[in-house]
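Shown below: data_11.tsv, with TSV, C-alpha atoms.
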```tsv
chain	number	residue	atom	x	y	z
A	1	ALA	CA	11.07	79.69	18.10
A	2	GLN	CA	8.28	81.65	19.61
A	3	THR	CA	8.62	83.27	23.01
A	4	VAL	CA	6.05	84.78	25.36
A	5	THR	CA	6.99	87.37	27.97
A	6	GLN	CA	4.98	88.46	30.96
A	7	SER	CA	6.88	91.23	32.71
A	8	GLN	CA	4.60	91.55	35.74
A	9	PRO	CA	5.25	88.72	38.23
A	10	GLU	CA	2.55	90.06	40.57
A	11	MET	CA	-0.33	92.49	40.34
A	12	SER	CA	-2.89	93.63	42.86
A	13	VAL	CA	-6.33	95.11	42.33
A	14	GLN	CA	-9.14	96.16	44.61
A	15	GLU	CA	-12.46	94.46	44.30
A	16	ALA	CA	-14.68	96.10	41.66
A	17	GLU	CA	-11.73	97.90	40.07
A	18	THR	CA	-10.08	97.26	36.70
A	19	VAL	CA	-6.67	95.73	36.14
A	20	THR	CA	-4.60	95.11	33.02
A	21	LEU	CA	-2.10	92.29	32.68
A	22	SER	CA	0.62	92.65	30.06
A	23	CYS	CA	1.97	90.13	27.59
A	24	THR	CA	4.34	90.43	24.68
A	25	TYR	CA	5.40	87.73	22.29
A	26	ASP	CA	7.89	87.16	19.56
A	27	THR	CA	7.16	85.25	16.38
A	28	SER	CA	7.95	85.32	12.70
A	29	GLU	CA	4.60	83.78	11.81
A	30	SER	CA	1.66	85.80	10.55
A	31	ASP	CA	-1.12	83.46	11.57
A	32	TYR	CA	-1.46	82.29	15.14
A	33	TYR	CA	-3.65	82.26	18.22
A	34	LEU	CA	-3.17	83.91	21.57
A	35	PHE	CA	-4.73	82.85	24.84
A	36	TRP	CA	-5.06	83.88	28.44
A	37	TYR	CA	-5.33	81.01	30.92
A	38	LYS	CA	-6.23	81.28	34.60
A	39	GLN	CA	-4.75	78.90	37.17
A	40	PRO	CA	-6.35	79.22	40.63
A	41	PRO	CA	-4.39	77.78	43.56
A	42	SER	CA	-4.46	73.98	43.46
A	43	ARG	CA	-6.97	74.02	40.65
A	44	GLN	CA	-6.75	73.25	36.99
A	45	MET	CA	-5.88	75.80	34.37
A	46	ILE	CA	-8.88	77.14	32.49
A	47	LEU	CA	-9.16	79.18	29.33
A	48	VAL	CA	-10.21	82.78	29.92
A	49	ILE	CA	-10.13	84.24	26.45
A	50	ARG	CA	-8.77	83.55	22.96
A	51	GLN	CA	-7.75	85.82	20.09
A	52	GLU	CA	-7.17	84.82	16.48
A	53	ALA	CA	-4.36	86.87	14.95
A	54	TYR	CA	-6.22	87.37	11.68
A	55	LYS	CA	-9.05	89.14	13.49
A	56	GLN	CA	-8.61	92.84	14.07
A	57	GLN	CA	-11.42	93.02	16.58
A	58	ASN	CA	-10.36	92.49	20.18
A	59	ALA	CA	-11.93	89.48	21.89
A	60	THR	CA	-14.29	90.00	24.81
A	61	GLU	CA	-15.75	87.52	27.28
A	62	ASN	CA	-17.99	89.16	29.87
A	63	ARG	CA	-15.67	91.08	32.24
A	64	PHE	CA	-12.55	90.00	30.36
A	65	SER	CA	-11.25	91.73	27.26
A	66	VAL	CA	-7.98	91.92	25.40
A	67	ASN	CA	-6.02	94.64	23.68
A	68	PHE	CA	-4.35	92.91	20.75
A	69	GLN	CA	-1.70	94.95	18.97
A	70	LYS	CA	-0.34	92.71	16.21
A	71	ALA	CA	2.34	95.07	14.94
A	72	ALA	CA	3.65	95.62	18.46
A	73	LYS	CA	3.24	91.92	19.30
A	74	SER	CA	1.36	92.84	22.42
A	75	PHE	CA	-1.61	91.05	23.97
A	76	SER	CA	-2.86	92.48	27.26
A	77	LEU	CA	-5.77	91.25	29.36
A	78	LYS	CA	-8.18	93.67	31.02
A	79	ILE	CA	-10.31	92.46	33.88
A	80	SER	CA	-13.17	94.80	34.73
A	81	ASP	CA	-15.15	94.83	37.96
A	82	SER	CA	-12.61	92.52	39.62
A	83	GLN	CA	-13.98	89.86	41.94
A	84	LEU	CA	-12.33	87.85	44.72
A	85	GLY	CA	-12.64	84.77	42.53
A	86	ASP	CA	-10.39	86.35	39.93
A	87	ALA	CA	-7.38	85.84	42.22
A	88	ALA	CA	-5.11	83.38	40.43
A	89	MET	CA	-2.05	82.97	38.25
A	90	TYR	CA	-2.69	84.20	34.74
A	91	PHE	CA	-0.70	82.81	31.85
A	92	CYS	CA	-0.44	84.24	28.39
A	93	ALA	CA	0.07	81.59	25.71
A	94	TYR	CA	0.83	81.44	22.00
A	95	ARG	CA	-0.08	78.79	19.46
A	96	SER	CA	0.87	78.62	15.83
A	97	ALA	CA	-1.99	78.30	13.38
A	98	TRP	CA	-0.02	75.74	11.43
A	99	THR	CA	-1.63	72.38	12.15
A	100	GLY	CA	1.73	70.67	12.13
A	101	THR	CA	2.44	72.14	15.56
A	102	ALA	CA	-0.37	70.12	17.04
A	103	SER	CA	-1.96	72.78	19.19
A	104	LYS	CA	1.27	73.07	21.17
A	105	LEU	CA	1.10	76.07	23.46
A	106	THR	CA	4.04	78.26	24.46
A	107	PHE	CA	3.38	79.90	27.82
A	108	GLY	CA	4.73	82.97	29.54
A	109	THR	CA	5.96	82.85	33.14
A	110	GLY	CA	2.68	84.06	34.54
A	111	THR	CA	1.32	86.97	36.57
A	112	ARG	CA	-0.05	86.35	40.03
A	113	LEU	CA	-3.14	88.50	40.57
A	114	GLN	CA	-4.26	89.39	44.06
A	115	VAL	CA	-7.71	90.85	44.64
A	116	THR	CA	-8.17	92.87	47.80
A	117	LEU	CA	-11.28	94.09	49.56
B	1	ASP	CA	-16.87	64.64	36.75
B	2	THR	CA	-16.23	64.72	32.99
B	3	GLY	CA	-13.04	66.77	33.05
B	4	VAL	CA	-9.41	65.68	32.74
B	5	SER	CA	-8.32	63.70	35.78
B	6	GLN	CA	-4.80	62.96	36.94
B	7	ASP	CA	-3.49	60.50	39.48
B	8	PRO	CA	-1.79	60.73	41.88
B	9	ARG	CA	-2.14	64.38	42.76
B	10	HIS	CA	1.01	64.32	44.84
B	11	LYS	CA	3.99	61.99	44.80
B	12	ILE	CA	7.06	62.12	47.02
B	13	THR	CA	9.88	59.80	46.08
B	14	LYS	CA	13.53	59.27	46.71
B	15	ARG	CA	16.12	59.98	44.06
B	16	GLY	CA	16.66	56.99	41.82
B	17	GLN	CA	13.15	55.60	42.16
B	18	ASN	CA	10.71	55.23	39.27
B	19	VAL	CA	7.36	57.01	39.26
B	20	THR	CA	4.32	56.79	37.01
B	21	PHE	CA	1.54	59.29	36.50
B	22	ARG	CA	-1.80	58.60	34.90
B	23	CYS	CA	-4.06	60.92	32.95
B	24	ASP	CA	-7.64	60.27	31.93
B	25	PRO	CA	-8.70	62.78	29.27
B	26	ILE	CA	-12.17	63.94	28.36
B	27	SER	CA	-13.65	60.89	26.69
B	28	GLU	CA	-14.30	62.26	23.21
B	29	HIS	CA	-10.93	64.04	22.94
B	30	ASN	CA	-8.47	62.52	20.52
B	31	ARG	CA	-5.42	64.57	21.51
B	32	LEU	CA	-3.61	64.33	24.81
B	33	TYR	CA	-0.71	66.47	25.98
B	34	TRP	CA	1.80	66.38	28.80
B	35	TYR	CA	3.33	69.58	30.14
B	36	ARG	CA	5.75	70.21	32.98
B	37	GLN	CA	5.53	73.25	35.23
B	38	THR	CA	8.26	74.24	37.66
B	39	LEU	CA	7.92	76.87	40.36
B	40	GLY	CA	7.68	80.36	38.95
B	41	GLN	CA	7.49	79.17	35.37
B	42	GLY	CA	4.78	78.58	32.85
B	43	PRO	CA	4.01	75.08	31.63
B	44	GLU	CA	6.48	73.61	29.14
B	45	PHE	CA	5.41	71.16	26.46
B	46	LEU	CA	6.72	67.61	26.85
B	47	THR	CA	4.83	65.40	24.41
B	48	TYR	CA	1.50	64.79	22.76
B	49	PHE	CA	-0.60	61.96	21.36
B	50	GLN	CA	-3.22	61.83	18.69
B	51	ASN	CA	-5.26	58.79	19.55
B	52	GLU	CA	-2.65	56.15	20.45
B	53	ALA	CA	0.19	57.60	18.38
B	54	GLN	CA	2.86	59.70	20.06
B	55	LEU	CA	3.46	62.35	17.42
B	56	GLU	CA	5.89	64.75	19.02
B	57	LYS	CA	8.35	64.81	21.90
B	58	SER	CA	10.13	67.84	23.27
B	59	ARG	CA	13.89	67.89	23.72
B	60	LEU	CA	13.03	68.37	27.40
B	61	LEU	CA	11.93	64.75	27.47
B	62	SER	CA	15.09	62.83	28.33
B	63	ASP	CA	15.54	59.10	27.84
B	64	ARG	CA	14.39	58.56	31.41
B	65	PHE	CA	10.91	59.74	30.48
B	66	SER	CA	8.44	57.60	28.60
B	67	ALA	CA	4.80	58.18	27.81
B	68	GLU	CA	2.17	55.86	26.44
B	69	ARG	CA	-1.44	56.06	25.45
B	70	PRO	CA	-2.62	52.53	24.78
B	71	LYS	CA	-5.88	52.27	22.88
B	72	GLY	CA	-6.02	56.03	22.62
B	73	SER	CA	-7.72	56.49	25.96
B	74	PHE	CA	-5.80	57.15	29.20
B	75	SER	CA	-2.10	57.97	29.18
B	76	THR	CA	0.79	57.25	31.50
B	77	LEU	CA	3.98	59.20	32.00
B	78	GLU	CA	6.82	57.26	33.61
B	79	ILE	CA	10.00	58.75	34.94
B	80	GLN	CA	12.81	56.30	35.60
B	81	ARG	CA	15.71	56.90	37.99
B	82	THR	CA	14.24	60.17	39.21
B	83	GLU	CA	16.51	63.13	39.88
B	84	GLN	CA	15.89	66.18	42.06
B	85	GLY	CA	15.58	68.26	38.92
B	86	ASP	CA	12.48	66.26	37.99
B	87	SER	CA	10.57	67.87	40.85
B	88	ALA	CA	7.72	69.73	39.19
B	89	MET	CA	4.02	69.73	38.46
B	90	TYR	CA	3.15	67.44	35.57
B	91	LEU	CA	0.07	68.66	33.75
B	92	CYS	CA	-2.07	66.69	31.37
B	93	ALA	CA	-4.40	68.30	28.87
B	94	SER	CA	-6.70	67.02	26.18
B	95	SER	CA	-8.39	68.50	23.14
B	96	LEU	CA	-10.59	67.56	20.24
B	97	PHE	CA	-8.78	67.91	16.96
B	98	ALA	CA	-10.49	68.09	13.62
B	99	PRO	CA	-9.33	69.98	10.53
B	100	GLN	CA	-12.45	72.10	10.49
B	101	LEU	CA	-12.10	73.18	14.11
B	102	VAL	CA	-10.34	76.44	14.83
B	103	ALA	CA	-7.82	76.36	17.66
B	104	GLY	CA	-9.30	73.44	19.59
B	105	GLU	CA	-9.30	74.39	23.24
B	106	LEU	CA	-7.02	72.53	25.62
B	107	PHE	CA	-8.64	71.30	28.81
B	108	PHE	CA	-6.18	70.78	31.64
B	109	GLY	CA	-6.18	68.45	34.62
B	110	GLU	CA	-5.22	69.59	38.10
B	111	GLY	CA	-1.74	68.15	37.72
B	112	SER	CA	0.45	65.65	39.52
B	113	ARG	CA	3.03	67.24	41.78
B	114	LEU	CA	6.29	65.33	42.04
B	115	THR	CA	8.82	65.91	44.80
B	116	VAL	CA	12.13	64.07	44.53
B	117	LEU	CA	14.11	63.95	47.77
```

Starting from the coordinates I provided, produce the structure as structure tokens.
Amino acid sequence: AQTVTQSQPEMSVQEAETVTLSCTYDTSESDYYLFWYKQPPSRQMILVIRQEAYKQQNATENRFSVNFQKAAKSFSLKISDSQLGDAAMYFCAYRSAWTGTASKLTFGTGTRLQVTL
Amino acid sequence: DTGVSQDPRHKITKRGQNVTFRCDPISEHNRLYWYRQTLGQGPEFLTYFQNEAQLEKSRLLSDRFSAERPKGSFSTLEIQRTEQGDSAMYLCASSLFAPQLVAGELFFGEGSRLTVL
């Protein structure tokens, strides 16, 4: 079974600064997808960024980028120019590429990000 | 609002009572998922539907839990004889599945929080 580990329960960053959230995972599969989801307080979880394991290039979405190290099974999220609205729980998630798993996501325990002035 | 909606948002019940949650997915989405999230944890997969068929259930889903998706539209999750350990946030998500789509994104609702006294 796949597992996802987020070793940072809480992180803090000053507005306009850069922060990196860590995620490691364990799998025996070679083809899969990795995601970062953001869950603001009392709001629904939304997708921040997605990485396909077969792609060597790291995904980027505006101020959000990932550092995907397949051999190390590491998938960190970098948030540049942090904004107050980035404050939320961030979950790393894994999904097998095998269609038989029905898009089932395995989540980490989350990192709570605080953004200070 | 064309997102995933869940009802009720909060439910407080006494141990032993039955509760039912409803999820209305994004209208064109053929897959619907239920996840459970306890405090300090990431969401855990419970079950999913493709159209009206329930295709997979987690071992987390005890006999007291039942989910339906009649006519492949909205879904209900019923918990019978609730226990204090059932207290959690129940998240619904939907996605559009097609073989040619890569990693169909899951769209989450805001969740239904259950407190069992």

With all atoms listed in the file considered, list every residue of chain A at most 8 Å from chain B, as a PDB file with C-alpha atoms, in the frame of the given file.
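result.pdb, freshly written:
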```pdb
ATOM      1  CA  TYR A  33      -3.650  82.260  18.220  1.00  0.00           C
ATOM      2  CA  SER A  42      -4.460  73.980  43.460  1.00  0.00           C
ATOM      3  CA  ARG A  43      -6.970  74.020  40.650  1.00  0.00           C
ATOM      4  CA  GLN A  44      -6.750  73.250  36.990  1.00  0.00           C
ATOM      5  CA  MET A  45      -5.880  75.800  34.370  1.00  0.00           C
ATOM      6  CA  ILE A  46      -8.880  77.140  32.490  1.00  0.00           C
ATOM      7  CA  LEU A  47      -9.160  79.180  29.330  1.00  0.00           C
ATOM      8  CA  PHE A  91      -0.700  82.810  31.850  1.00  0.00           C
ATOM      9  CA  ALA A  97      -1.990  78.300  13.380  1.00  0.00           C
ATOM     10  CA  SER A 103      -1.960  72.780  19.190  1.00  0.00           C
ATOM     11  CA  LYS A 104       1.270  73.070  21.170  1.00  0.00           C
ATOM     12  CA  LEU A 105       1.100  76.070  23.460  1.00  0.00           C
ATOM     13  CA  THR A 106       4.040  78.260  24.460  1.00  0.00           C
ATOM     14  CA  PHE A 107       3.380  79.900  27.820  1.00  0.00           C
ATOM     15  CA  GLY A 108       4.730  82.970  29.540  1.00  0.00           C
ATOM     16  CA  THR A 109       5.960  82.850  33.140  1.00  0.00           C
ATOM     17  CA  GLY A 110       2.680  84.060  34.540  1.00  0.00           C
TER      18      GLY A 110
END
```

Next item on the list: Kindly extract all protein, DNA and RNA residues lying within 8 Å of the coordinates (5.8, 90.2, 35.0) given in the file, considering only C-alpha atoms, and supply them as a PyMOL selection string.
Entry: chain A and resi 5-10+22+109-111

Next item on the list: Quote the spacing between atom CA of B:Glu78 and atom CA of B:Asn51 in Å to one decimal place.
Entry: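 So the two atoms, atom CA of B:Glu78 and atom CA of B:Asn51, lie 18.6 Å apart.
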
Note to self: Here's a test: counting all atoms listed in the file, identify every protein, DNA and RNA residue with an atom at most 9 Å from (4.3, 92.0, 15.3) in the file's coordinate frame, and state them as a list in words.
What the structure shows: Tyr25, Asp26, Thr27, Ser28, Glu29, Ser30, Gln69, Lys70, Ala71, Ala72, Lys73 and Ser74 of chain A

Margin query: Give me the residues near A:Ser76 as a list in words, where near means some atom within 9 Å (using only C-alpha atoms) and where sequence neighbours in that chain fewer than 6 positions away do not count.
Written below: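 Selected residues are Thr20, Leu21, Ser22, Cys23, Thr24, Trp36, Ser65, Val66, Asn67, Phe68, Gln69 and Cys92 of chain A.
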
Next item on the list: Return the single residue from A:Pro40, A:Val13, A:Thr18, A:Ala53 that is closest to A:Arg95, with distances computed using all atoms listed in the file.
Entry: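 Smallest distance to A:Arg95 is found for A:Ala53.
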
Next item on the list: Mind checking which residues fall within 12 Å of B:Ser66, counting all atoms listed in the file, ignoring those fewer than 6 positions away in the same chain, and posting them as a list in words?
Entry: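 Non-adjacent residues within range: Asn18, Val19, Thr20, Phe21, Trp34, Leu46, Thr47, Tyr48, Gln54, Lys57, Ser58, Leu60, Ser75, Thr76, Leu77, Glu78, Ile79, Gln80 and Arg81 of chain B.
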
Restricting it to C-alpha atoms, dump the selection as a PDB file, in the frame of the given file.
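Below you can see out_2.pdb, which holds the result:
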```
ATOM      1  CA  ASN B  18      10.710  55.230  39.270  1.00  0.00           C
ATOM      2  CA  VAL B  19       7.360  57.010  39.260  1.00  0.00           C
ATOM      3  CA  THR B  20       4.320  56.790  37.010  1.00  0.00           C
ATOM      4  CA  PHE B  21       1.540  59.290  36.500  1.00  0.00           C
ATOM      5  CA  TRP B  34       1.800  66.380  28.800  1.00  0.00           C
ATOM      6  CA  LEU B  46       6.720  67.610  26.850  1.00  0.00           C
ATOM      7  CA  THR B  47       4.830  65.400  24.410  1.00  0.00           C
ATOM      8  CA  TYR B  48       1.500  64.790  22.760  1.00  0.00           C
ATOM      9  CA  GLN B  54       2.860  59.700  20.060  1.00  0.00           C
ATOM     10  CA  LYS B  57       8.350  64.810  21.900  1.00  0.00           C
ATOM     11  CA  SER B  58      10.130  67.840  23.270  1.00  0.00           C
ATOM     12  CA  LEU B  60      13.030  68.370  27.400  1.00  0.00           C
ATOM     13  CA  SER B  75      -2.100  57.970  29.180  1.00  0.00           C
ATOM     14  CA  THR B  76       0.790  57.250  31.500  1.00  0.00           C
ATOM     15  CA  LEU B  77       3.980  59.200  32.000  1.00  0.00           C
ATOM     16  CA  GLU B  78       6.820  57.260  33.610  1.00  0.00           C
ATOM     17  CA  ILE B  79      10.000  58.750  34.940  1.00  0.00           C
ATOM     18  CA  GLN B  80      12.810  56.300  35.600  1.00  0.00           C
ATOM     19  CA  ARG B  81      15.710  56.900  37.990  1.00  0.00           C
TER      20      ARG B  81
END
```

Checklist line | Selection near B:Gly85, 10 Å with all atoms listed in the file, sequence-local residues under 4 positions removed, as a list in words | finding: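 My reading of the contact set: Arg15, Thr38, Thr115, Val116 and Leu117 of chain B.
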
Notebook entry, point to check: Which neighbours of A:Thr116 fall inside 7 Å, counting all atoms listed in the file, when residues of the same chain fewer than 2 positions from it are skipped, and could you give them as a PyMOL selection string?
Noted result: chain A and resi 13-15+114
